[in-house]
>>> print(open('query-v3.cif').read())   # mmCIF, C-alpha atoms
data_protein
loop_
_atom_site.label_atom_id
_atom_site.label_comp_id
_atom_site.auth_asym_id
_atom_site.auth_seq_id
_atom_site.Cartn_x
_atom_site.Cartn_y
_atom_site.Cartn_z
CA MET O 1 140.88 19.44 -102.37
CA SER O 2 140.92 20.50 -106.01
CA TYR O 3 137.69 18.53 -106.43
CA LEU O 4 136.08 20.59 -103.69
CA ILE O 5 137.22 23.85 -105.31
CA ALA O 6 135.90 22.76 -108.71
CA PHE O 7 132.59 21.78 -107.07
CA LEU O 8 132.18 25.13 -105.31
CA LEU O 9 133.28 27.06 -108.39
CA ALA O 10 130.69 25.24 -110.52
CA ILE O 11 127.95 26.14 -108.02
CA VAL O 12 128.93 29.82 -107.91
CA SER O 13 129.25 30.07 -111.67
CA GLY O 14 125.87 28.40 -112.23
CA MET O 15 124.29 30.76 -109.74
CA LEU O 16 125.80 34.12 -110.68
CA MET O 17 128.06 34.24 -113.75
CA ASP O 18 126.09 31.90 -115.96
CA ASN O 19 122.68 32.49 -114.42
CA VAL O 20 119.99 30.15 -115.66
CA LEU O 21 117.41 32.86 -116.38
CA LEU O 22 119.48 35.90 -117.28
CA SER O 23 122.23 34.40 -119.39
CA ARG O 24 121.20 30.87 -120.38
CA PHE O 25 117.50 31.71 -120.93
CA TYR O 26 116.01 28.51 -119.48
CA GLY O 27 112.58 28.67 -117.89
CA LEU O 28 111.60 32.17 -118.94
CA CYS O 29 107.89 31.35 -119.24
CA SER O 30 107.55 30.71 -115.52
CA PHE O 31 109.79 33.69 -114.81
CA ILE O 32 107.50 36.09 -116.65
CA GLY O 33 104.26 34.35 -115.68
CA VAL O 34 104.79 34.11 -111.94
CA GLY O 35 104.04 37.78 -111.40
CA ASN O 36 104.80 40.07 -108.52
CA LYS O 37 104.02 38.07 -105.39
CA LEU O 38 107.18 37.21 -103.50
CA LYS O 39 105.54 34.27 -101.77
CA SER O 40 104.37 32.54 -104.93
CA ALA O 41 107.71 33.29 -106.63
CA PHE O 42 109.49 31.63 -103.70
CA SER O 43 107.19 28.57 -103.81
CA MET O 44 107.70 28.24 -107.54
CA GLY O 45 111.47 28.60 -107.14
CA ILE O 46 111.62 25.93 -104.43
CA ALA O 47 109.47 23.50 -106.44
CA VAL O 48 111.54 23.99 -109.61
CA SER O 49 114.84 23.68 -107.70
CA PHE O 50 113.69 20.46 -106.11
CA VAL O 51 112.74 18.91 -109.44
CA ILE O 52 115.96 20.13 -111.13
CA ILE O 53 118.12 18.47 -108.48
CA LEU O 54 116.12 15.22 -108.45
CA ALA O 55 116.01 15.05 -112.26
CA SER O 56 119.79 15.50 -112.52
CA LEU O 57 120.27 12.89 -109.81
CA ILE O 58 118.30 10.36 -111.89
CA CYS O 59 119.12 11.35 -115.48
CA TRP O 60 122.93 11.18 -115.21
CA PRO O 61 123.02 7.52 -114.08
CA LEU O 62 120.21 6.71 -116.51
CA TYR O 63 122.28 8.02 -119.44
CA ASN O 64 125.65 6.61 -118.39
CA PHE O 65 124.60 3.25 -116.95
CA VAL O 66 121.54 2.37 -119.04
CA LEU O 67 121.33 4.24 -122.34
CA VAL O 68 125.03 4.20 -123.29
CA PRO O 69 125.63 0.48 -122.51
CA ALA O 70 122.40 -0.36 -124.35
CA GLY O 71 123.62 1.57 -127.40
CA LEU O 72 120.72 4.03 -127.32
CA PRO O 73 122.30 7.40 -126.43
CA PHE O 74 120.12 9.12 -129.05
CA LEU O 75 117.01 8.39 -126.97
CA ASP O 76 118.24 10.73 -124.21
CA THR O 77 115.68 13.53 -124.69
CA LEU O 78 112.77 11.09 -124.78
CA ALA O 79 113.98 9.28 -121.66
CA TYR O 80 114.60 12.51 -119.72
CA ILE O 81 111.20 14.01 -120.44
CA LEU O 82 109.50 10.80 -119.30
CA VAL O 83 111.60 10.78 -116.11
CA ILE O 84 110.74 14.44 -115.45
CA ALA O 85 107.02 13.99 -116.11
CA SER O 86 106.75 11.03 -113.75
CA LEU O 87 108.98 12.77 -111.19
CA VAL O 88 106.65 15.76 -111.12
CA GLN O 89 103.68 13.42 -110.55
CA VAL O 90 105.46 11.60 -107.72
CA VAL O 91 106.62 14.82 -106.06
CA GLY O 92 103.07 16.18 -106.30
CA LEU O 93 101.59 13.08 -104.64
CA PHE O 94 104.26 13.12 -101.94
CA ILE O 95 103.71 16.77 -101.06
CA LYS O 96 99.94 16.29 -101.08
CA LYS O 97 100.25 13.51 -98.50
CA LYS O 98 102.88 15.13 -96.27
CA SER O 99 101.88 18.78 -96.30
CA PRO O 100 98.50 19.71 -97.78
CA SER O 101 99.08 23.42 -97.09
CA LEU O 102 102.29 23.46 -99.16
CA TYR O 103 100.45 21.50 -101.86
CA ARG O 104 97.73 24.15 -102.01
CA SER O 105 100.24 26.98 -102.31
CA LEU O 106 102.21 25.14 -105.04
CA GLY O 107 99.04 23.77 -106.62
CA ILE O 108 98.94 25.36 -110.06
CA TYR O 109 102.71 25.46 -110.52
CA LEU O 110 103.39 21.76 -110.08
CA PRO O 111 102.10 20.49 -113.45
CA LEU O 112 103.82 23.42 -115.17
CA ILE O 113 107.24 22.26 -114.00
CA THR O 114 107.18 19.40 -116.51
CA THR O 115 107.30 21.90 -119.34
CA ASN O 116 109.79 24.20 -117.63
CA CYS O 117 112.86 24.21 -119.87
CA ALA O 118 115.20 24.66 -116.91
CA VAL O 119 114.64 21.08 -115.76
CA LEU O 120 115.14 19.40 -119.12
CA GLY O 121 117.83 21.91 -120.09
CA VAL O 122 120.05 21.14 -117.09
CA ALA O 123 119.66 17.37 -117.44
CA GLN O 124 120.42 17.58 -121.17
CA ALA O 125 123.36 19.96 -120.80
CA ASN O 126 124.94 17.75 -118.11
CA THR O 127 125.16 14.74 -120.38
CA ASP O 128 125.75 16.69 -123.62
CA GLN O 129 128.87 18.28 -122.15
CA GLY O 130 130.02 14.97 -120.66
CA LEU O 131 130.32 16.31 -117.11
CA SER O 132 131.23 13.96 -114.26
CA PHE O 133 128.52 13.06 -111.75
CA ILE O 134 129.92 15.42 -109.09
CA LEU O 135 130.13 18.36 -111.50
CA SER O 136 126.67 17.72 -112.92
CA MET O 137 125.24 17.80 -109.40
CA ALA O 138 127.13 21.05 -108.80
CA ASN O 139 125.60 22.41 -112.01
CA ALA O 140 122.13 21.39 -110.84
CA LEU O 141 122.64 22.96 -107.40
CA GLY O 142 124.05 26.19 -108.85
CA THR O 143 121.31 26.44 -111.46
CA SER O 144 118.52 25.96 -108.96
CA ALA O 145 120.07 28.44 -106.51
CA GLY O 146 120.37 30.95 -109.36
CA PHE O 147 116.75 30.35 -110.41
CA LEU O 148 115.49 30.90 -106.86
CA LEU O 149 117.62 34.03 -106.38
CA VAL O 150 116.61 35.76 -109.60
CA ILE O 151 112.91 34.85 -109.50
CA CYS O 152 112.65 36.28 -105.93
CA LEU O 153 114.63 39.44 -106.79
CA PHE O 154 112.45 39.94 -109.84
CA ALA O 155 109.21 39.59 -107.86
CA CYS O 156 110.45 42.30 -105.47
CA ILE O 157 111.30 44.63 -108.37
CA ARG O 158 107.90 44.08 -109.95
CA VAL O 159 106.13 45.08 -106.73
CA ARG O 160 107.87 48.46 -106.96
CA LEU O 161 107.08 48.75 -110.68
CA GLU O 162 103.36 48.29 -110.00
CA SER O 163 103.17 51.53 -108.04
CA ALA O 164 105.53 53.48 -110.31
CA SER O 165 104.09 55.56 -113.14
CA THR O 166 105.17 53.84 -116.35
CA PRO O 167 104.18 54.36 -120.01
CA LYS O 168 100.90 52.63 -120.86
CA ALA O 169 102.36 50.70 -123.77
CA LEU O 170 105.09 49.14 -121.62
CA LYS O 171 102.76 47.87 -118.86
CA GLY O 172 103.11 44.18 -118.13
CA ILE O 173 105.38 41.94 -120.17
CA PRO O 174 107.40 44.57 -122.15
CA LEU O 175 108.45 46.30 -118.94
CA ALA O 176 109.22 42.93 -117.32
CA LEU O 177 111.53 42.08 -120.22
CA LEU O 178 113.29 45.46 -120.14
CA THR O 179 113.77 45.07 -116.37
CA ALA O 180 115.20 41.61 -116.91
CA GLY O 181 117.57 43.11 -119.50
CA ILE O 182 118.86 45.62 -116.98
CA MET O 183 119.20 42.85 -114.39
CA ALA O 184 121.19 40.83 -116.93
CA ILE O 185 123.56 43.79 -117.41
CA ALA O 186 124.00 43.93 -113.62
CA PHE O 187 124.71 40.21 -113.48
CA MET O 188 127.36 40.61 -116.20
CA GLY O 189 129.38 42.31 -113.46
CA PHE O 190 129.91 38.91 -111.83
CA MET O 191 131.73 37.60 -114.89
CA GLY O 192 135.13 38.77 -113.70
CA ILE O 193 135.05 36.58 -110.58
CA GLY O 194 135.84 33.29 -112.32
CA GLN O 195 139.23 34.29 -113.67
CA MET N 196 78.02 18.31 -144.17
CA LYS N 197 79.76 21.62 -144.38
CA SER N 198 79.69 23.51 -147.61
CA ASP N 199 82.86 24.05 -149.60
CA ALA N 200 82.88 27.77 -148.92
CA ILE N 201 82.77 27.33 -145.13
CA ARG N 202 85.49 24.70 -145.27
CA ARG N 203 87.68 26.94 -147.36
CA SER N 204 87.23 29.92 -145.07
CA GLU N 205 88.03 27.73 -142.05
CA ALA N 206 91.23 26.53 -143.69
CA LYS N 207 92.22 30.09 -144.55
CA GLU N 208 91.49 31.24 -141.01
CA SER N 209 93.59 28.48 -139.43
CA PHE N 210 96.50 29.33 -141.74
CA LEU N 211 96.43 33.10 -141.37
CA SER N 212 95.66 33.49 -137.68
CA GLY N 213 99.06 32.12 -136.62
CA ILE N 214 101.01 34.59 -138.73
CA ILE N 215 99.75 37.99 -137.54
CA LYS N 216 96.57 37.99 -135.44
CA GLU N 217 97.71 35.28 -133.02
CA ASN N 218 101.44 35.36 -133.62
CA PRO N 219 102.80 32.85 -131.09
CA LEU N 220 105.73 35.01 -130.01
CA PHE N 221 104.63 38.64 -130.38
CA VAL N 222 100.95 38.32 -129.41
CA SER N 223 100.66 35.23 -127.21
CA VAL N 224 104.26 35.55 -125.86
CA LEU N 225 104.92 31.79 -125.93
CA GLY N 226 108.21 30.07 -126.65
CA VAL N 227 110.28 32.90 -125.23
CA CYS N 228 113.35 30.86 -124.26
CA PRO N 229 114.61 29.94 -127.76
CA ALA N 230 113.52 33.34 -129.06
CA LEU N 231 116.13 34.98 -126.86
CA ALA N 232 118.77 32.26 -126.82
CA VAL N 233 119.29 31.58 -130.54
CA THR N 234 118.77 35.12 -131.85
CA ARG N 235 122.41 36.23 -131.54
CA THR N 236 122.82 35.69 -135.29
CA PHE N 237 120.26 35.88 -138.08
CA GLU N 238 121.25 32.56 -139.63
CA ALA N 239 120.88 30.53 -136.43
CA ALA N 240 117.44 32.07 -135.87
CA LEU N 241 116.38 31.19 -139.42
CA GLY N 242 117.58 27.61 -138.92
CA MET N 243 115.76 27.37 -135.61
CA GLY N 244 112.59 28.69 -137.26
CA PHE N 245 112.68 26.02 -139.98
CA LEU N 246 113.39 23.18 -137.54
CA PHE N 247 110.63 24.47 -135.26
CA MET N 248 108.21 24.51 -138.20
CA PHE N 249 109.19 20.95 -139.17
CA VAL N 250 108.57 19.61 -135.66
CA LEU N 251 105.31 21.53 -135.33
CA ILE N 252 103.94 20.30 -138.68
CA CYS N 253 104.85 16.66 -138.02
CA SER N 254 103.45 16.60 -134.49
CA ASN N 255 100.28 18.50 -135.40
CA VAL N 256 99.50 16.18 -138.32
CA LEU N 257 100.18 12.99 -136.35
CA ILE N 258 98.21 14.13 -133.31
CA SER N 259 95.32 15.15 -135.53
CA LEU N 260 95.40 11.70 -137.18
CA LEU N 261 95.43 9.97 -133.78
CA LYS N 262 92.86 12.21 -132.07
CA LYS N 263 90.25 9.44 -131.86
CA ILE N 264 92.71 6.76 -130.70
CA ILE N 265 94.48 8.55 -127.81
CA PRO N 266 92.36 8.30 -124.63
CA GLU N 267 91.64 11.62 -122.94
CA GLU N 268 93.27 10.67 -119.61
CA VAL N 269 96.74 10.22 -121.08
CA GLU N 270 96.55 13.00 -123.68
CA THR N 271 99.43 15.16 -122.48
CA PRO N 272 101.97 12.34 -121.89
CA ALA N 273 101.10 10.86 -125.29
CA TYR N 274 101.62 14.25 -126.98
CA ILE N 275 104.95 14.74 -125.21
CA VAL N 276 106.18 11.34 -126.41
CA ILE N 277 105.11 12.11 -130.00
CA ILE N 278 106.80 15.52 -129.92
CA ALA N 279 109.95 14.09 -128.30
CA SER N 280 110.22 11.46 -131.04
CA PHE N 281 110.05 14.09 -133.77
CA VAL N 282 112.58 16.26 -131.93
CA THR N 283 114.95 13.29 -131.74
CA ILE N 284 114.58 12.69 -135.48
CA THR N 285 115.20 16.40 -136.17
CA LYS N 286 118.26 16.38 -133.92
CA MET N 287 119.79 13.40 -135.69
CA LEU N 288 119.11 14.82 -139.17
CA THR N 289 120.55 18.23 -138.25
CA ASN N 290 123.61 16.65 -136.66
CA ALA N 291 124.20 14.60 -139.82
CA PHE N 292 123.61 17.23 -142.51
CA LEU N 293 124.17 20.64 -140.87
CA PRO N 294 126.57 20.10 -137.94
CA GLU N 295 127.33 23.83 -137.72
CA LEU N 296 123.64 24.60 -137.15
CA TYR N 297 123.46 21.78 -134.59
CA ASP N 298 126.39 23.25 -132.66
CA SER N 299 125.06 26.80 -132.72
CA LEU N 300 121.60 25.78 -131.47
CA GLY N 301 123.03 23.49 -128.79
CA VAL N 302 120.65 22.32 -126.11
CA PHE N 303 117.78 24.46 -127.45
CA LEU N 304 117.11 21.91 -130.16
CA SER N 305 116.30 19.35 -127.45
CA LEU N 306 114.29 21.96 -125.59
CA LEU N 307 111.79 22.03 -128.49
CA VAL N 308 110.21 19.10 -126.60
CA VAL N 309 109.00 21.42 -123.85
CA ASN N 310 108.26 24.35 -126.16
CA CYS N 311 104.91 25.78 -125.07
CA ILE N 312 103.83 26.46 -128.67
CA VAL N 313 104.22 22.88 -129.93
CA LEU N 314 102.37 21.38 -126.96
CA GLY N 315 99.88 24.28 -126.95
CA ARG N 316 98.90 23.83 -130.62
CA ALA N 317 98.49 20.08 -130.02
CA GLU N 318 96.16 20.63 -127.06
CA ALA N 319 94.30 23.64 -128.39
CA PHE N 320 93.98 22.86 -132.08
CA ALA N 321 95.21 19.54 -133.49
CA ASN N 322 93.12 17.30 -131.24
CA LYS N 323 89.87 19.00 -132.28
CA ASN N 324 90.34 19.77 -135.96
CA THR N 325 90.78 18.00 -139.28
CA VAL N 326 94.19 16.90 -140.52
CA LEU N 327 94.30 19.51 -143.27
CA ASN N 328 93.40 22.37 -140.92
CA SER N 329 95.95 21.16 -138.37
CA PHE N 330 98.60 21.10 -141.08
CA LEU N 331 97.71 24.63 -142.17
CA ASP N 332 97.64 25.81 -138.56
CA ALA N 333 101.13 24.39 -138.03
CA VAL N 334 102.45 26.05 -141.20
CA GLY N 335 100.90 29.39 -140.20
CA ASN N 336 102.24 29.28 -136.66
CA GLY N 337 105.64 28.11 -137.90
CA ILE N 338 105.87 31.01 -140.36
CA GLY N 339 104.71 33.46 -137.69
CA TYR N 340 107.30 32.25 -135.20
CA THR N 341 110.09 32.20 -137.81
CA ILE N 342 109.32 35.78 -138.86
CA ALA N 343 109.25 36.88 -135.22
CA ILE N 344 112.59 35.35 -134.18
CA CYS N 345 114.24 36.45 -137.44
CA ALA N 346 113.13 40.05 -136.74
CA ILE N 347 114.70 39.92 -133.27
CA ALA N 348 117.87 38.30 -134.62
CA LEU N 349 118.19 40.81 -137.47
CA LEU N 350 118.08 43.74 -135.03
CA ARG N 351 120.43 42.06 -132.56
CA GLU N 352 123.03 41.04 -135.12
CA ILE N 353 123.09 44.44 -136.87
CA LEU N 354 123.21 46.40 -133.60
CA GLY N 355 125.58 43.99 -131.86
CA THR N 356 128.20 43.25 -134.51
CA GLY N 357 127.53 46.02 -137.02
CA MET N 358 127.21 43.59 -139.92
CA LEU N 359 125.16 40.67 -141.21
CA SER N 360 127.15 37.48 -141.80
CA PHE N 361 126.03 34.60 -143.98
CA GLY N 362 127.50 31.19 -144.70
CA LYS N 363 128.77 30.46 -141.21
CA VAL N 364 125.88 28.23 -140.18
CA PHE N 365 124.46 27.28 -143.58
CA THR N 366 127.78 26.09 -144.99
CA PHE N 367 126.31 25.28 -148.40
CA ILE N 368 126.31 28.97 -149.38
CA PRO N 369 129.58 30.92 -149.73
CA GLU N 370 130.65 32.95 -146.73
CA PHE N 371 130.11 36.72 -146.95
CA SER N 372 129.03 39.59 -144.74
CA LEU N 373 127.17 42.86 -145.33
CA PRO N 374 128.72 45.84 -143.53
CA ILE N 375 125.95 48.08 -142.17
CA LEU N 376 127.03 49.87 -138.99
CA LYS N 377 130.69 48.90 -139.29
CA ALA N 378 133.06 49.19 -142.24
CA VAL N 379 136.50 47.67 -142.68
CA ASP N 380 138.89 48.67 -145.50
CA ALA N 381 140.99 46.28 -147.55
CA SER N 382 143.88 46.14 -145.08
CA GLY N 383 141.55 45.24 -142.19
CA ASP N 384 141.52 48.65 -140.47
CA ILE N 385 138.20 49.78 -139.10
CA ILE N 386 136.85 52.88 -140.89
CA TYR N 387 133.83 53.38 -138.66
CA ASP N 388 132.14 51.18 -136.07
CA TYR N 389 128.81 52.11 -134.51
CA SER N 390 128.00 48.64 -133.18
CA LEU N 391 127.06 48.17 -129.52
CA PHE N 392 128.54 45.04 -127.97
CA ILE N 393 125.69 44.78 -125.44
CA PHE N 394 123.19 43.63 -128.10
CA SER N 395 125.18 40.44 -128.72
CA ASN N 396 125.02 39.69 -125.01
CA PRO N 397 122.08 37.98 -123.26
CA ALA N 398 120.98 41.38 -121.92
CA GLY N 399 120.52 42.64 -125.48
CA GLY N 400 118.01 39.87 -126.18
CA PHE N 401 115.78 41.02 -123.33
CA LEU N 402 116.08 44.68 -124.34
CA VAL N 403 115.29 44.13 -128.04
CA PHE N 404 112.37 41.77 -127.35
CA GLY N 405 110.96 44.10 -124.68
CA ALA N 406 111.21 47.10 -127.00
CA ILE N 407 109.47 45.24 -129.86
CA LEU N 408 106.62 44.13 -127.57
CA GLY N 409 106.31 47.71 -126.30
CA ILE N 410 106.05 49.08 -129.82
CA ILE N 411 103.40 46.48 -130.74
CA ALA N 412 101.40 47.37 -127.61
CA ALA N 413 101.66 51.10 -128.42
CA VAL N 414 100.41 50.56 -131.99
CA SER N 415 97.49 48.37 -130.91
CA ASN N 416 96.55 50.83 -128.14
CA HIS N 417 96.56 53.65 -130.70
CA LYS N 418 94.31 51.63 -133.04
CA LYS N 419 91.91 50.84 -130.20
CA THR N 420 91.50 54.49 -129.17
CA LYS N 421 91.01 55.44 -132.82
CA THR N 422 88.20 52.94 -133.41
CA ALA N 423 86.61 53.90 -130.09
CA ALA N 424 86.65 57.57 -131.09
CA LYS N 425 85.15 56.69 -134.48
CA LYS N 426 82.33 54.72 -132.83
CA ARG N 427 81.59 57.58 -130.46
CA ALA N 428 81.43 60.03 -133.37
CA GLU N 429 79.04 57.71 -135.25
CA VAL N 430 76.76 57.36 -132.23
CA ALA N 431 76.71 61.13 -131.81
CA ALA N 432 75.88 61.63 -135.51
CA ASN N 433 73.02 59.10 -135.31
CA LYS N 434 71.61 60.85 -132.27
CA ALA N 435 71.74 64.21 -134.05
CA MET N 436 69.85 62.69 -137.01
CA GLU N 437 67.19 61.30 -134.69
CA VAL N 438 66.74 64.67 -132.99
CA LYS N 439 66.35 66.35 -136.37
CA ALA N 440 63.80 63.79 -137.51
#
>>> encode(input="query-v3.cif", output="structure tokens")
Amino acid sequence: MSYLIAFLLAIVSGMLMDNVLLSRFYGLCSFIGVGNKLKSAFSMGIAVSFVIILASLICWPLYNFVLVPAGLPFLDTLAYILVIASLVQVVGLFIKKKSPSLYRSLGIYLPLITTNCAVLGVAQANTDQGLSFILSMANALGTSAGFLLVICLFACIRVRLESASTPKALKGIPLALLTAGIMAIAFMGFMGIGQ
Amino acid sequence: MKSDAIRRSEAKESFLSGIIKENPLFVSVLGVCPALAVTRTFEAALGMGFLFMFVLICSNVLISLLKKIIPEEVETPAYIVIIASFVTITKMLTNAFLPELYDSLGVFLSLLVVNCIVLGRAEAFANKNTVLNSFLDAVGNGIGYTIAICAIALLREILGTGMLSFGKVFTFIPEFSLPILKAVDASGDIIYDYSLFIFSNPAGGFLVFGAILGIIAAVSNHKKTKTAAKKRAEVAANKAMEVKA
């Protein structure tokens, strides 16, 4: 029972209190680059979430059952990035075969996921902090849910910003960053839940 | 064969362009994640800047040396492996000699592997240019990035805590702090405190970075309109001369 509570708590905290984009700053490049289309933001979020979960599923056993017994824990970063790069390739091939329409809509984002810090960051943080397998999966699930939530919310806000009259100097990235700052202040409100 | 003068101007160009004209953070807006995550304190940002520069120089030089050996089809994976090896070396050295810096940077030291600037310079510059120019390009970009994140960190630390602390991360210098917006008397009572807690929080990172980018855009817009107005005036003057003639 206490395991279940810890699992759920880790998911909620990864999603809201310790949000991957707004408080841990992983994966900001894709966050700013994806623009104001809700549909492409959603596709990007789903693709990243999928790779985050799969990468955590593979990297935790890889570290604990292969690298540590072999006496090579310092090779973790190198091993993880190779796992992630090949995972992205495999996922791309799989989607291409099963659903060409989804592949077209994800198209340009797929190769970018390899260099998305959220994927490597979660895998690395899981083993750096010595989390158990269950908790590291909860962390991966919470992080990807948080990524999807914030990237979709942000796309909706940016649609409204497009039609608003804003100062010329702030158009584009500066305004996106200031908006993200205000969103981060709003998300700070969730911090009280954990205690 | 290129003449000496051309070679020298090329070298100068590859060094200088990364510092101001193509500053990786403020102009190209690359490598945003560490720029916001490690800029809570000035010292951590400075440490991150130096480690970033080290990784960038090593990977740029090695990739430039190997540019004829690495086949084109496996370029990106090969670059990632090279960068990851240098990041691992950097991680181990930092952990051994500056454990405080290692702790304060946390997972962002490993995330240098997927830093867009390191991979971007490898793909865009080091695999086409000479070793010397790649080295200079790496130094220029490293200095540009270090200056940029230190500027953000300086603002955030002063606004967020009211003072600048030294010696907490670089333990080889004695610990001291400069009171700027906050003063404490000898008995520890606060005399005045104008610091805003929000700037030490993640939200503050977004706000400071957004404001800096906005100011840069405003200045460059102003310059553009000025040169455009100057050109228009020149054209008008030329026309007037022609009419007179």
>>> closest_residue(input="query-v3.cif", among="N:Ser223, N:Ser204, N:Asn310, N:Ser395", to="chain O", atoms="only C-alpha atoms")
N:Asn310
>>> atom_distance(input="query-v3.cif", atom1="CA of Ala346 in chain N", atom2="CA of Leu391 in chain N")
17.7 Å
>>> resolve_selection(input="query-v3.cif", expression="the PyMOL selection byres ((chain N) within 7 of (chain O))", output="mmCIF file with C-alpha atoms, in the frame of the given file")
data_model
loop_
_atom_site.group_PDB
_atom_site.id
_atom_site.type_symbol
_atom_site.label_atom_id
_atom_site.label_comp_id
_atom_site.auth_asym_id
_atom_site.auth_seq_id
_atom_site.Cartn_x
_atom_site.Cartn_y
_atom_site.Cartn_z
ATOM 1 C CA VAL N 227 110.280 32.900 -125.230
ATOM 2 C CA CYS N 228 113.350 30.860 -124.260
ATOM 3 C CA LEU N 231 116.130 34.980 -126.860
ATOM 4 C CA ALA N 232 118.770 32.260 -126.820
ATOM 5 C CA VAL N 276 106.180 11.340 -126.410
ATOM 6 C CA ALA N 279 109.950 14.090 -128.300
ATOM 7 C CA SER N 280 110.220 11.460 -131.040
ATOM 8 C CA VAL N 302 120.650 22.320 -126.110
ATOM 9 C CA SER N 305 116.300 19.350 -127.450
ATOM 10 C CA LEU N 306 114.290 21.960 -125.590
ATOM 11 C CA VAL N 309 109.000 21.420 -123.850
ATOM 12 C CA PRO N 397 122.080 37.980 -123.260
ATOM 13 C CA ALA N 398 120.980 41.380 -121.920
ATOM 14 C CA GLY N 399 120.520 42.640 -125.480
ATOM 15 C CA PHE N 401 115.780 41.020 -123.330
ATOM 16 C CA LEU N 402 116.080 44.680 -124.340
ATOM 17 C CA GLY N 405 110.960 44.100 -124.680
ATOM 18 C CA ALA N 406 111.210 47.100 -127.000
ATOM 19 C CA LEU N 408 106.620 44.130 -127.570
ATOM 20 C CA GLY N 409 106.310 47.710 -126.300
ATOM 21 C CA ALA N 412 101.400 47.370 -127.610
ATOM 22 C CA ALA N 413 101.660 51.100 -128.420
#
>>> closest_residue(input="query-v3.cif", among="N:Asp332, N:Glu295, N:Glu268, N:Asp380", to="Ala206 in chain N", atoms="only C-alpha atoms")
N:Asp332
>>> atom_distance(input="query-v3.cif", atom1="CA of Ile411 in chain N", atom2="CA of Ile338 in chain N")
18.4 Å
>>> residues_around(input="query-v3.cif", residues="range 367-372 of chain N", least_positions_apart="5", cutoff="12 Å", atoms="all atoms listed in the file", output="ChimeraX atom specification")
/N:236-238,292-296,352-353,356-362,377-379
>>> atom_distance(input="query-v3.cif", atom1="CA of Ile278 in chain N", atom2="CA of Arg202 in chain N")
27.8 Å
>>> resolve_selection(input="query-v3.cif", expression="the PyMOL selection byres ((chain O and resi 54) around 12)", output="count of residues only")
32
>>> axis_aligned_box(input="query-v3.cif", around="range 211-227 of chain N", padding_each_side="6 Å", output="AutoDock Vina command-line options")
--center_x 103.0 --center_y 34.4 --center_z -133.3 --size_x 26.6 --size_y 20.6 --size_z 28.1
>>> closest_residue(input="query-v3.cif", among="N:Leu220, N:Val414, N:Val403, N:Ile265", to="Ile347 in chain N", atoms="all atoms listed in the file")
N:Val403
>>> residues_around(input="query-v3.cif", residues="Ser105 in chain O", least_positions_apart="3", cutoff="12 Å", atoms="only C-alpha atoms", output="MDAnalysis selection string")
chainID O and resid 39:44 46:47 92 95:96 99:102 108:110
>>> write_last_selection(input="query-v3.cif", atoms="C-alpha atoms", output="PDB file, in the coordinates of the input")
ATOM      1  CA  LYS O  39     105.540  34.270-101.770  1.00  0.00           C
ATOM      2  CA  SER O  40     104.370  32.540-104.930  1.00  0.00           C
ATOM      3  CA  ALA O  41     107.710  33.290-106.630  1.00  0.00           C
ATOM      4  CA  PHE O  42     109.490  31.630-103.700  1.00  0.00           C
ATOM      5  CA  SER O  43     107.190  28.570-103.810  1.00  0.00           C
ATOM      6  CA  MET O  44     107.700  28.240-107.540  1.00  0.00           C
ATOM      7  CA  ILE O  46     111.620  25.930-104.430  1.00  0.00           C
ATOM      8  CA  ALA O  47     109.470  23.500-106.440  1.00  0.00           C
ATOM      9  CA  GLY O  92     103.070  16.180-106.300  1.00  0.00           C
ATOM     10  CA  ILE O  95     103.710  16.770-101.060  1.00  0.00           C
ATOM     11  CA  LYS O  96      99.940  16.290-101.080  1.00  0.00           C
ATOM     12  CA  SER O  99     101.880  18.780 -96.300  1.00  0.00           C
ATOM     13  CA  PRO O 100      98.500  19.710 -97.780  1.00  0.00           C
ATOM     14  CA  SER O 101      99.080  23.420 -97.090  1.00  0.00           C
ATOM     15  CA  LEU O 102     102.290  23.460 -99.160  1.00  0.00           C
ATOM     16  CA  ILE O 108      98.940  25.360-110.060  1.00  0.00           C
ATOM     17  CA  TYR O 109     102.710  25.460-110.520  1.00  0.00           C
ATOM     18  CA  LEU O 110     103.390  21.760-110.080  1.00  0.00           C
TER      19      LEU O 110
END
>>> residues_around(input="query-v3.cif", residues="Thr143 in chain O", least_positions_apart="6", cutoff="6 Å", atoms="only C-alpha atoms", output="ChimeraX atom specification")
/O:14-15,20
>>> write_last_selection(input="query-v3.cif", atoms="C-alpha atoms", output="PDB file, in the coordinates of the input")
ATOM      1  CA  GLY O  14     125.870  28.400-112.230  1.00  0.00           C
ATOM      2  CA  MET O  15     124.290  30.760-109.740  1.00  0.00           C
ATOM      3  CA  VAL O  20     119.990  30.150-115.660  1.00  0.00           C
TER       4      VAL O  20
END
>>> resolve_selection(input="query-v3.cif", expression="the PyMOL selection byres ((chain O and resi 7) around 9)", output="JSON, numbers by chain")
{"O": [2, 3, 4, 5, 6, 8, 9, 10, 11, 12, 134, 135, 137, 138, 139]}
>>> residues_around(input="query-v3.cif", residues="Lys37 in chain O", least_positions_apart="4", cutoff="9 Å", atoms="all atoms listed in the file", output="list in words")
Ala41, Phe42, Cys152, Ala155, Cys156, Arg158 and Val159 of chain O
>>> closest_residue(input="query-v3.cif", among="N:Ser254, N:Ser212, N:Thr234, N:Asn396", to="Val282 in chain N", atoms="all atoms listed in the file")
N:Ser254
>>> closest_residue(input="query-v3.cif", among="O:Ser13, O:Gln89, O:Ser163, O:Ser30", to="Met191 in chain O", atoms="all atoms listed in the file")
O:Ser13
